[in-house]
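Note: the block below is query.tsv and it holds TSV, C-alpha atoms.
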chain	number	residue	atom	x	y	z
A	47	MET	CA	107.60	247.72	153.29
A	48	PRO	CA	103.90	246.72	153.41
A	49	ILE	CA	102.12	246.44	150.06
A	50	ARG	CA	99.86	249.38	151.02
A	51	ASP	CA	102.93	251.65	151.33
A	52	THR	CA	104.30	250.39	148.03
A	53	LEU	CA	101.03	251.16	146.27
A	54	LYS	CA	101.40	254.76	147.47
A	55	ALA	CA	105.00	254.95	146.30
A	56	ARG	CA	105.58	256.67	142.97
A	57	TRP	CA	108.48	254.38	142.03
A	58	PHE	CA	106.10	251.40	141.90
A	59	TRP	CA	103.72	253.10	139.44
A	60	TYR	CA	106.61	254.34	137.30
A	61	SER	CA	107.88	250.74	137.22
A	62	LEU	CA	104.46	249.53	136.01
A	63	LEU	CA	104.43	252.29	133.38
A	64	CYS	CA	107.84	251.03	132.25
A	65	ILE	CA	106.46	247.47	131.95
A	66	PHE	CA	103.59	248.72	129.73
A	67	CYS	CA	105.88	250.87	127.54
A	68	TRP	CA	108.43	248.08	127.14
A	69	GLY	CA	105.59	245.69	126.32
A	70	GLY	CA	104.77	248.07	123.44
A	71	TRP	CA	108.46	248.19	122.51
A	72	ALA	CA	108.66	244.37	122.37
A	73	LEU	CA	105.52	244.13	120.22
A	74	CYS	CA	106.66	246.84	117.78
A	75	SER	CA	110.13	245.24	117.63
A	76	LYS	CA	108.59	241.90	116.76
A	77	LEU	CA	106.44	243.44	114.01
A	78	GLY	CA	109.33	245.50	112.60
A	79	SER	CA	111.86	242.66	112.70
A	80	MET	CA	109.67	240.48	110.46
A	81	GLU	CA	111.30	242.38	107.57
A	82	ILE	CA	114.21	244.36	109.02
A	83	PRO	CA	117.38	242.54	110.25
A	84	SER	CA	118.42	243.04	113.88
A	85	MET	CA	121.33	245.46	113.37
A	86	ALA	CA	119.24	247.71	111.12
A	87	MET	CA	116.39	247.47	113.68
A	88	GLN	CA	118.78	248.70	116.39
A	89	PHE	CA	119.83	251.62	114.14
A	90	ILE	CA	116.25	252.69	113.35
A	91	PHE	CA	115.12	252.02	116.93
A	92	THR	CA	117.73	254.52	118.17
A	93	LEU	CA	116.35	257.11	115.73
A	94	GLY	CA	112.97	256.56	117.41
A	95	THR	CA	114.41	257.45	120.82
A	96	ILE	CA	115.49	260.91	119.59
A	97	PRO	CA	112.00	262.54	119.54
A	98	VAL	CA	111.42	261.46	123.16
A	99	ALA	CA	114.78	262.91	124.23
A	100	LEU	CA	114.06	266.14	122.32
A	101	ALA	CA	110.57	266.44	123.87
A	102	LEU	CA	112.08	266.04	127.36
A	103	LEU	CA	114.81	268.55	126.49
A	104	ALA	CA	112.18	271.05	125.29
A	105	GLY	CA	110.20	270.43	128.50
A	106	LYS	CA	113.29	271.49	130.43
A	107	GLY	CA	113.62	274.68	128.36
A	108	PHE	CA	116.76	273.23	126.69
A	109	ARG	CA	118.65	273.52	129.98
A	110	LEU	CA	120.41	270.50	131.47
A	111	GLU	CA	121.91	270.01	134.92
A	112	LYS	CA	125.71	270.21	135.07
A	113	SER	CA	126.61	267.00	136.85
A	114	PRO	CA	129.67	265.43	135.17
A	115	LEU	CA	129.24	262.23	137.17
A	116	GLY	CA	125.53	261.96	136.34
A	117	ILE	CA	126.27	262.62	132.66
A	118	PHE	CA	129.06	260.01	132.68
A	119	TYR	CA	126.81	257.36	134.25
A	120	SER	CA	123.96	258.13	131.83
A	121	VAL	CA	126.08	258.10	128.65
A	122	ALA	CA	127.84	254.92	129.84
A	123	ASN	CA	124.36	253.48	130.43
A	124	GLY	CA	123.45	254.09	126.76
A	125	VAL	CA	126.80	252.81	125.44
A	126	LEU	CA	126.71	249.63	127.56
A	127	ALA	CA	123.08	248.97	126.62
A	128	GLY	CA	124.10	249.22	122.96
A	129	ILE	CA	127.18	246.99	123.44
A	130	GLY	CA	124.95	244.40	125.12
A	131	GLY	CA	122.61	244.56	122.13
A	132	LEU	CA	125.51	244.08	119.69
A	133	ALA	CA	126.82	241.11	121.71
A	134	LEU	CA	123.34	239.57	121.66
A	135	PHE	CA	123.16	239.85	117.85
A	136	ALA	CA	126.66	238.32	117.64
A	137	ALA	CA	125.62	235.45	119.94
A	138	TYR	CA	122.61	234.72	117.71
A	139	ARG	CA	124.83	234.73	114.62
A	140	SER	CA	127.39	232.38	116.22
A	141	GLY	CA	125.17	229.37	115.65
A	142	GLY	CA	124.05	228.66	119.21
A	143	SER	CA	120.50	227.71	120.10
A	144	THR	CA	118.33	230.83	119.93
A	145	SER	CA	116.12	229.78	122.84
A	146	VAL	CA	119.09	228.93	125.08
A	147	ILE	CA	120.84	232.23	124.30
A	148	THR	CA	117.64	234.21	124.84
A	149	ALA	CA	116.88	232.48	128.14
A	150	ALA	CA	120.46	232.85	129.42
A	151	THR	CA	120.78	236.54	128.54
A	152	ALA	CA	117.30	237.37	129.89
A	153	LEU	CA	118.67	236.76	133.37
A	154	TYR	CA	120.72	240.00	133.32
A	155	PRO	CA	118.51	241.65	136.04
A	156	MET	CA	119.76	239.04	138.49
A	157	PHE	CA	123.31	240.34	137.88
A	158	THR	CA	121.99	243.84	138.62
A	159	VAL	CA	120.57	242.55	141.91
A	160	VAL	CA	123.97	241.11	142.89
A	161	LEU	CA	125.68	244.41	141.99
A	162	ALA	CA	123.04	246.47	143.83
A	163	VAL	CA	123.53	244.42	147.00
A	164	LEU	CA	127.35	244.50	146.75
A	165	VAL	CA	127.94	248.04	145.43
A	166	LEU	CA	124.89	250.04	146.57
A	167	ARG	CA	124.44	248.07	149.82
A	168	GLU	CA	120.74	247.56	149.09
A	169	ARG	CA	118.95	245.09	151.36
A	170	LEU	CA	116.17	242.68	150.35
A	171	THR	CA	113.49	241.08	152.52
A	172	GLY	CA	112.89	237.31	152.45
A	173	LEU	CA	109.66	237.81	150.49
A	174	GLN	CA	111.45	239.97	147.92
A	175	VAL	CA	114.08	237.26	147.45
A	176	VAL	CA	111.26	234.76	146.78
A	177	GLY	CA	109.80	237.37	144.38
A	178	LEU	CA	113.15	237.51	142.56
A	179	ILE	CA	113.07	233.73	142.11
A	180	PHE	CA	109.57	233.95	140.60
A	181	ALA	CA	110.67	236.89	138.41
A	182	GLY	CA	113.68	234.87	137.21
A	183	ALA	CA	111.42	231.91	136.42
A	184	ALA	CA	108.95	234.15	134.54
A	185	ILE	CA	111.72	235.86	132.56
A	186	VAL	CA	113.22	232.51	131.49
A	187	ILE	CA	109.79	231.06	130.57
A	188	PHE	CA	108.88	234.14	128.49
A	189	SER	CA	112.17	233.98	126.63
A	190	LEU	CA	111.74	230.33	125.60
B	276	MET	CA	136.23	222.36	129.31
B	277	HIS	CA	135.42	223.85	125.91
B	278	LEU	CA	132.80	226.57	125.97
B	279	PRO	CA	131.02	227.52	122.72
B	280	PRO	CA	131.60	231.03	121.27
B	281	TRP	CA	128.02	232.10	122.01
B	282	PHE	CA	128.63	231.56	125.74
B	283	TRP	CA	131.18	234.40	125.91
B	284	MET	CA	128.93	236.72	123.92
B	285	ALA	CA	126.00	235.89	126.18
B	286	ALA	CA	128.27	236.64	129.16
B	287	VAL	CA	129.00	240.09	127.64
B	288	VAL	CA	125.22	240.67	127.37
B	289	ILE	CA	124.54	239.67	130.99
B	290	ILE	CA	127.46	241.70	132.35
B	291	SER	CA	126.83	244.84	130.25
B	292	TRP	CA	123.05	244.90	130.77
B	293	GLY	CA	123.51	243.94	134.43
B	294	ILE	CA	125.85	246.92	134.91
B	295	VAL	CA	123.31	249.10	133.05
B	296	GLY	CA	120.84	248.46	135.92
B	297	LEU	CA	123.45	249.71	138.39
B	298	LEU	CA	124.32	252.76	136.25
B	299	GLN	CA	120.63	253.66	135.99
B	300	LYS	CA	120.46	253.97	139.76
B	301	LEU	CA	123.81	255.78	140.00
B	302	SER	CA	122.81	258.26	137.27
B	303	THR	CA	119.51	259.12	139.00
B	304	ASN	CA	121.47	259.78	142.22
B	305	HIS	CA	122.91	262.78	140.35
B	306	LEU	CA	120.33	263.68	137.68
B	307	PRO	CA	116.52	263.71	137.38
B	308	ALA	CA	114.99	261.05	135.12
B	309	ASP	CA	114.46	263.32	132.10
B	310	SER	CA	118.09	264.47	132.01
B	311	ALA	CA	119.35	260.92	132.58
B	312	LEU	CA	117.25	259.74	129.62
B	313	ILE	CA	118.54	262.53	127.36
B	314	TRP	CA	122.18	261.56	128.08
B	315	LEU	CA	121.31	257.88	127.71
B	316	VAL	CA	120.10	258.61	124.17
B	317	VAL	CA	123.42	260.40	123.53
B	318	GLY	CA	125.10	257.13	124.55
B	319	PHE	CA	122.90	255.22	122.09
B	320	LEU	CA	123.81	257.68	119.32
B	321	LEU	CA	127.55	257.12	119.88
B	322	LEU	CA	127.05	253.54	118.65
B	323	GLU	CA	124.96	254.44	115.59
B	324	PRO	CA	127.91	254.34	113.13
B	325	LEU	CA	128.44	250.66	114.09
B	326	MET	CA	124.79	249.85	113.37
B	327	TYR	CA	124.33	251.79	110.10
B	328	PRO	CA	122.85	249.32	107.62
B	329	GLY	CA	123.87	251.28	104.48
B	330	LYS	CA	121.63	251.65	101.45
B	331	ALA	CA	119.45	248.75	102.63
B	332	LEU	CA	117.85	251.25	105.01
B	333	PHE	CA	115.94	252.79	102.09
B	334	HIS	CA	114.58	249.48	100.82
B	335	TYR	CA	112.47	248.47	103.81
B	336	SER	CA	108.73	249.01	103.69
B	337	LEU	CA	107.27	252.13	105.33
B	338	ARG	CA	105.18	249.88	107.54
B	339	SER	CA	108.21	248.03	108.97
B	340	LEU	CA	110.14	251.30	109.38
B	341	THR	CA	107.18	252.72	111.32
B	342	TRP	CA	107.17	249.72	113.69
B	343	ALA	CA	110.94	250.10	114.19
B	344	VAL	CA	110.66	253.83	115.00
B	345	LEU	CA	107.69	253.15	117.31
B	346	SER	CA	109.78	250.53	119.12
B	347	GLY	CA	112.37	253.22	119.83
B	348	ILE	CA	109.72	255.65	121.09
B	349	PHE	CA	108.20	253.03	123.41
B	350	ASN	CA	111.63	251.95	124.62
B	351	ALA	CA	112.66	255.53	125.43
B	352	LEU	CA	109.37	256.19	127.27
B	353	GLY	CA	109.86	252.96	129.23
B	354	ALA	CA	113.47	253.86	130.05
B	355	TRP	CA	112.32	257.29	131.23
B	356	ALA	CA	109.70	255.64	133.49
B	357	LEU	CA	112.34	253.23	134.86
B	358	LEU	CA	114.73	256.10	135.59
B	359	ALA	CA	111.86	258.02	137.22
B	360	ALA	CA	111.14	254.96	139.40
B	361	MET	CA	114.77	254.89	140.55
B	362	TYR	CA	114.88	258.68	140.98
B	363	ARG	CA	111.76	258.42	143.20
B	364	GLY	CA	113.51	256.01	145.56
B	365	GLY	CA	112.99	252.63	143.90
B	366	LYS	CA	115.83	250.21	144.64
B	367	ALA	CA	117.86	248.97	141.65
B	368	SER	CA	117.57	245.45	143.08
B	369	ILE	CA	113.75	245.67	142.88
B	370	VAL	CA	113.04	247.99	139.93
B	371	SER	CA	115.40	246.21	137.51
B	372	PRO	CA	113.87	242.69	137.84
B	373	LEU	CA	110.35	244.14	138.18
B	374	THR	CA	110.56	246.07	134.90
B	375	ALA	CA	112.16	243.05	133.19
B	376	LEU	CA	108.71	241.43	133.45
B	377	TYR	CA	107.50	243.43	130.43
B	378	PRO	CA	107.06	240.22	128.32
B	379	LEU	CA	103.99	239.74	130.52
B	380	ILE	CA	102.30	242.48	128.45
B	381	VAL	CA	103.34	240.74	125.23
B	382	ALA	CA	101.94	237.42	126.48
B	383	LEU	CA	98.62	239.08	127.33
B	384	VAL	CA	98.32	241.25	124.20
B	385	ALA	CA	99.80	238.94	121.54
B	386	PRO	CA	96.70	236.67	121.33
B	387	VAL	CA	94.55	239.69	120.47
B	388	LEU	CA	96.98	241.71	118.36
B	389	LEU	CA	99.05	239.01	116.65
B	390	HIS	CA	96.46	236.22	116.84
B	391	GLU	CA	98.98	234.02	118.68
B	392	SER	CA	97.67	231.56	121.27
B	393	ILE	CA	99.08	231.34	124.81
B	394	THR	CA	100.75	228.00	125.51
B	395	LEU	CA	100.53	226.25	128.88
B	396	LEU	CA	104.17	227.22	129.54
B	397	GLN	CA	103.46	230.88	128.79
B	398	GLY	CA	100.46	230.69	131.13
B	399	LEU	CA	102.85	229.46	133.82
B	400	GLY	CA	105.12	232.40	133.01
B	401	VAL	CA	102.21	234.85	133.43
B	402	ALA	CA	101.40	233.30	136.84
B	403	CYS	CA	105.07	233.51	137.95
B	404	ALA	CA	105.28	237.13	136.77
B	405	LEU	CA	102.14	238.16	138.66
B	406	ILE	CA	103.37	236.45	141.86
B	407	ALA	CA	106.76	238.17	141.40
B	408	VAL	CA	105.13	241.62	141.04
B	409	VAL	CA	103.22	241.12	144.29
B	410	LEU	CA	106.24	239.77	146.23
B	411	LEU	CA	108.69	242.37	144.89
B	412	SER	CA	106.30	245.14	145.94
B	413	THR	CA	106.27	243.99	149.60

Produce structure tokens that represent the structure in this file.
Amino acid sequence: MPIRDTLKARWFWYSLLCIFCWGGWALCSKLGSMEIPSMAMQFIFTLGTIPVALALLAGKGFRLEKSPLGIFYSVANGVLAGIGGLALFAAYRSGGSTSVITAATALYPMFTVVLAVLVLRERLTGLQVVGLIFAGAAIVIFSL
Amino acid sequence: MHLPPWFWMAAVVIISWGIVGLLQKLSTNHLPADSALIWLVVGFLLLEPLMYPGKALFHYSLRSLTWAVLSGIFNALGAWALLAAMYRGGKASIVSPLTALYPLIVALVAPVLLHESITLLQGLGVACALIAVVLLST
């Protein structure tokens, strides 16, 4: 897909919005965790997600679609994200090098790419593969 | 070969968060982004009893608690945007690594907000991230 088409695609702009919001999340997490330990941060952080969910629910007139499969995937998404967070805290507490653990675990999107290609049959162009390599390098550098 | 305990925990992180990227795409094949986010928060809430810090919760400063709550708000908004990207046709194999570049914002804002200086290595990270954004959007 040419860059011009991508710039017209909504998914690209939503992805950039996600980057900005998660940048804010990372900054606030850093400021909060100066005093609050990681497990407590995760607990309070989850409380912070509730107003957003309630606002979206109100925007939908408190009516949700009845898709058992969609609900299952979404709830599993939240549970697995939380389990990953707990495992990360446990890894930090196990005495390993913080920078090594952070760099290693930051590569999780590459596992998603493998799954997306194998399970969802998504295809990548040569340039996108090179982009993934640069993304992997950036993610590791930022986590050091 | 003896592997340290942290290795297995890190493997759990990579596998669980890696699968999360797949589930995000699968969920938006069946639900719009707002509904997917609402159910995702339900999933978060299921784990709250494991995270409850006890009475210590009431001893943290209001300032730190505010940052922690704000982190949740920003995270949920970001997750909603990610789900919207996938719902609007973004591939999991592109959107997941693209949105994982959010430390780029931290690297750019931290010098101003936290008075931290950017190291040469971080500068290299910024360059790699910008190149990745351009290449992933082709």

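Near region 333-338 of chain B, within 12 Å and counting all atoms listed in the file, sit Cys74, Leu77, Gly78, Ser79, Met80, Glu81, Ile82, Pro83, Ala86, Met87 and Ile90 of chain A; Tyr327, Pro328, Ala343, Val344 and Leu345 of chain B; same-chain residues fewer than 5 positions away were not included.
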
Applying 7 Å and only C-alpha atoms, which residues near Leu358 (chain B) remain after dropping the ones on its own chain fewer than 4 positions away? List them as a short mmCIF file (atom, residue, chain, number, x, y, z; two decimals) with C-alpha atoms, in the coordinates of the input.
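Result saved to selection.cif:
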data_model
loop_
_atom_site.label_atom_id
_atom_site.label_comp_id
_atom_site.auth_asym_id
_atom_site.auth_seq_id
_atom_site.Cartn_x
_atom_site.Cartn_y
_atom_site.Cartn_z
CA GLN B 299 120.63 253.66 135.99
CA THR B 303 119.51 259.12 139.00
CA ALA B 308 114.99 261.05 135.12
CA ALA B 354 113.47 253.86 130.05
CA TYR B 362 114.88 258.68 140.98
#

message: Counting only C-alpha atoms, which residue out of B:Val381, B:Ala331, B:Ala367, B:Ala356 sits closest to Met85 (chain A)?
response: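 Looking only at the distances to Met85 (chain A), the closest residue turns out to be B:Ala331.
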
query: What does the distance between CA of Ile49 (chain A) and CA of Val295 (chain B) come to in Å, to one decimal place?
result: 27.3 Å

- request: Give as number ranges by chain the set of residues within 12 Å of the point (98.6, 242.4, 118.8), where distances use the file's coordinates and all atoms listed in the file.
  value: A: 69-70, 72-77; B: 380-392

query: Given the choices B:Ser346, B:Thr374, B:Ser368, B:Thr413, which gets closest to Leu164 (chain A) if the distance is worked out from all atoms listed in the file?
result: B:Ser368

Got a moment to write region 308-342 of chain B out with N, CA and C atoms, as an mmCIF file, in the first residue's frame?
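Generated file (selection20.cif):
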data_model
loop_
_atom_site.group_PDB
_atom_site.id
_atom_site.type_symbol
_atom_site.label_atom_id
_atom_site.label_comp_id
_atom_site.auth_asym_id
_atom_site.auth_seq_id
_atom_site.Cartn_x
_atom_site.Cartn_y
_atom_site.Cartn_z
ATOM 1 N N ALA B 308 -14.831 -1.058 18.356
ATOM 2 C CA ALA B 308 -13.751 -0.765 19.306
ATOM 3 C C ALA B 308 -14.266 -0.410 20.701
ATOM 4 N N ASP B 309 -15.348 0.380 20.776
ATOM 5 C CA ASP B 309 -15.820 0.805 22.101
ATOM 6 C C ASP B 309 -16.308 -0.382 22.937
ATOM 7 N N SER B 310 -17.038 -1.298 22.299
ATOM 8 C CA SER B 310 -17.508 -2.481 23.040
ATOM 9 C C SER B 310 -16.332 -3.372 23.438
ATOM 10 N N ALA B 311 -15.374 -3.531 22.513
ATOM 11 C CA ALA B 311 -14.202 -4.372 22.810
ATOM 12 C C ALA B 311 -13.436 -3.806 24.003
ATOM 13 N N LEU B 312 -13.350 -2.466 24.078
ATOM 14 C CA LEU B 312 -12.628 -1.843 25.198
ATOM 15 C C LEU B 312 -13.384 -2.066 26.513
ATOM 16 N N ILE B 313 -14.718 -1.935 26.463
ATOM 17 C CA ILE B 313 -15.522 -2.125 27.679
ATOM 18 C C ILE B 313 -15.299 -3.538 28.246
ATOM 19 N N TRP B 314 -15.326 -4.548 27.379
ATOM 20 C CA TRP B 314 -15.130 -5.932 27.841
ATOM 21 C C TRP B 314 -13.695 -6.181 28.261
ATOM 22 N N LEU B 315 -12.769 -5.476 27.623
ATOM 23 C CA LEU B 315 -11.350 -5.586 28.025
ATOM 24 C C LEU B 315 -11.176 -5.107 29.469
ATOM 25 N N VAL B 316 -11.863 -4.006 29.801
ATOM 26 C CA VAL B 316 -11.787 -3.480 31.170
ATOM 27 C C VAL B 316 -12.399 -4.483 32.158
ATOM 28 N N VAL B 317 -13.456 -5.169 31.718
ATOM 29 C CA VAL B 317 -14.038 -6.234 32.562
ATOM 30 C C VAL B 317 -12.968 -7.296 32.854
ATOM 31 N N GLY B 318 -12.199 -7.635 31.820
ATOM 32 C CA GLY B 318 -11.096 -8.595 31.997
ATOM 33 C C GLY B 318 -10.066 -8.095 32.992
ATOM 34 N N PHE B 319 -9.727 -6.799 32.906
ATOM 35 C CA PHE B 319 -8.802 -6.194 33.882
ATOM 36 C C PHE B 319 -9.350 -6.345 35.301
ATOM 37 N N LEU B 320 -10.664 -6.045 35.439
ATOM 38 C CA LEU B 320 -11.281 -6.037 36.766
ATOM 39 C C LEU B 320 -11.278 -7.424 37.410
ATOM 40 N N LEU B 321 -11.334 -8.475 36.575
ATOM 41 C CA LEU B 321 -11.314 -9.841 37.119
ATOM 42 C C LEU B 321 -10.039 -10.120 37.906
ATOM 43 N N LEU B 322 -8.953 -9.395 37.538
ATOM 44 C CA LEU B 322 -7.666 -9.629 38.212
ATOM 45 C C LEU B 322 -7.436 -8.685 39.396
ATOM 46 N N GLU B 323 -8.348 -7.749 39.614
ATOM 47 C CA GLU B 323 -8.150 -6.765 40.685
ATOM 48 C C GLU B 323 -7.922 -7.373 42.072
ATOM 49 N N PRO B 324 -8.664 -8.460 42.435
ATOM 50 C CA PRO B 324 -8.419 -9.035 43.775
ATOM 51 C C PRO B 324 -6.966 -9.470 43.971
ATOM 52 N N LEU B 325 -6.305 -9.895 42.883
ATOM 53 C CA LEU B 325 -4.899 -10.336 42.995
ATOM 54 C C LEU B 325 -3.956 -9.153 43.214
ATOM 55 N N MET B 326 -4.391 -7.969 42.789
ATOM 56 C CA MET B 326 -3.522 -6.790 42.844
ATOM 57 C C MET B 326 -3.761 -5.929 44.083
ATOM 58 N N TYR B 327 -4.875 -6.176 44.800
ATOM 59 C CA TYR B 327 -5.275 -5.280 45.889
ATOM 60 C C TYR B 327 -4.140 -5.107 46.898
ATOM 61 N N PRO B 328 -3.689 -3.886 47.088
ATOM 62 C CA PRO B 328 -2.534 -3.653 47.971
ATOM 63 C C PRO B 328 -2.878 -3.556 49.453
ATOM 64 N N GLY B 329 -4.152 -3.677 49.831
ATOM 65 C CA GLY B 329 -4.532 -3.593 51.243
ATOM 66 C C GLY B 329 -4.574 -2.153 51.733
ATOM 67 N N LYS B 330 -4.335 -2.007 53.043
ATOM 68 C CA LYS B 330 -4.466 -0.678 53.659
ATOM 69 C C LYS B 330 -3.449 0.320 53.129
ATOM 70 N N ALA B 331 -2.360 -0.191 52.539
ATOM 71 C CA ALA B 331 -1.305 0.696 52.012
ATOM 72 C C ALA B 331 -1.873 1.674 50.990
ATOM 73 N N LEU B 332 -2.973 1.236 50.352
ATOM 74 C CA LEU B 332 -3.604 2.055 49.310
ATOM 75 C C LEU B 332 -3.956 3.455 49.820
ATOM 76 N N PHE B 333 -4.299 3.542 51.115
ATOM 77 C CA PHE B 333 -4.757 4.813 51.679
ATOM 78 C C PHE B 333 -3.606 5.663 52.231
ATOM 79 N N HIS B 334 -2.389 5.176 52.070
ATOM 80 C CA HIS B 334 -1.242 5.907 52.615
ATOM 81 C C HIS B 334 -0.421 6.625 51.545
ATOM 82 N N TYR B 335 -0.756 6.392 50.282
ATOM 83 C CA TYR B 335 -0.011 7.068 49.220
ATOM 84 C C TYR B 335 -0.491 8.512 49.090
ATOM 85 N N SER B 336 0.394 9.372 48.583
ATOM 86 C CA SER B 336 0.022 10.777 48.445
ATOM 87 C C SER B 336 -1.018 10.948 47.338
ATOM 88 N N LEU B 337 -1.834 11.988 47.473
ATOM 89 C CA LEU B 337 -2.881 12.269 46.485
ATOM 90 C C LEU B 337 -2.267 12.494 45.105
ATOM 91 N N ARG B 338 -1.105 13.123 45.110
ATOM 92 C CA ARG B 338 -0.410 13.410 43.856
ATOM 93 C C ARG B 338 -0.059 12.111 43.104
ATOM 94 N N SER B 339 0.538 11.158 43.833
ATOM 95 C CA SER B 339 0.912 9.880 43.199
ATOM 96 C C SER B 339 -0.326 9.107 42.759
ATOM 97 N N LEU B 340 -1.377 9.138 43.597
ATOM 98 C CA LEU B 340 -2.617 8.438 43.236
ATOM 99 C C LEU B 340 -3.211 9.029 41.958
ATOM 100 N N THR B 341 -3.114 10.367 41.839
ATOM 101 C CA THR B 341 -3.633 11.040 40.642
ATOM 102 C C THR B 341 -2.878 10.580 39.397
ATOM 103 N N TRP B 342 -1.535 10.501 39.497
ATOM 104 C CA TRP B 342 -0.742 10.025 38.356
ATOM 105 C C TRP B 342 -1.133 8.598 37.995
#
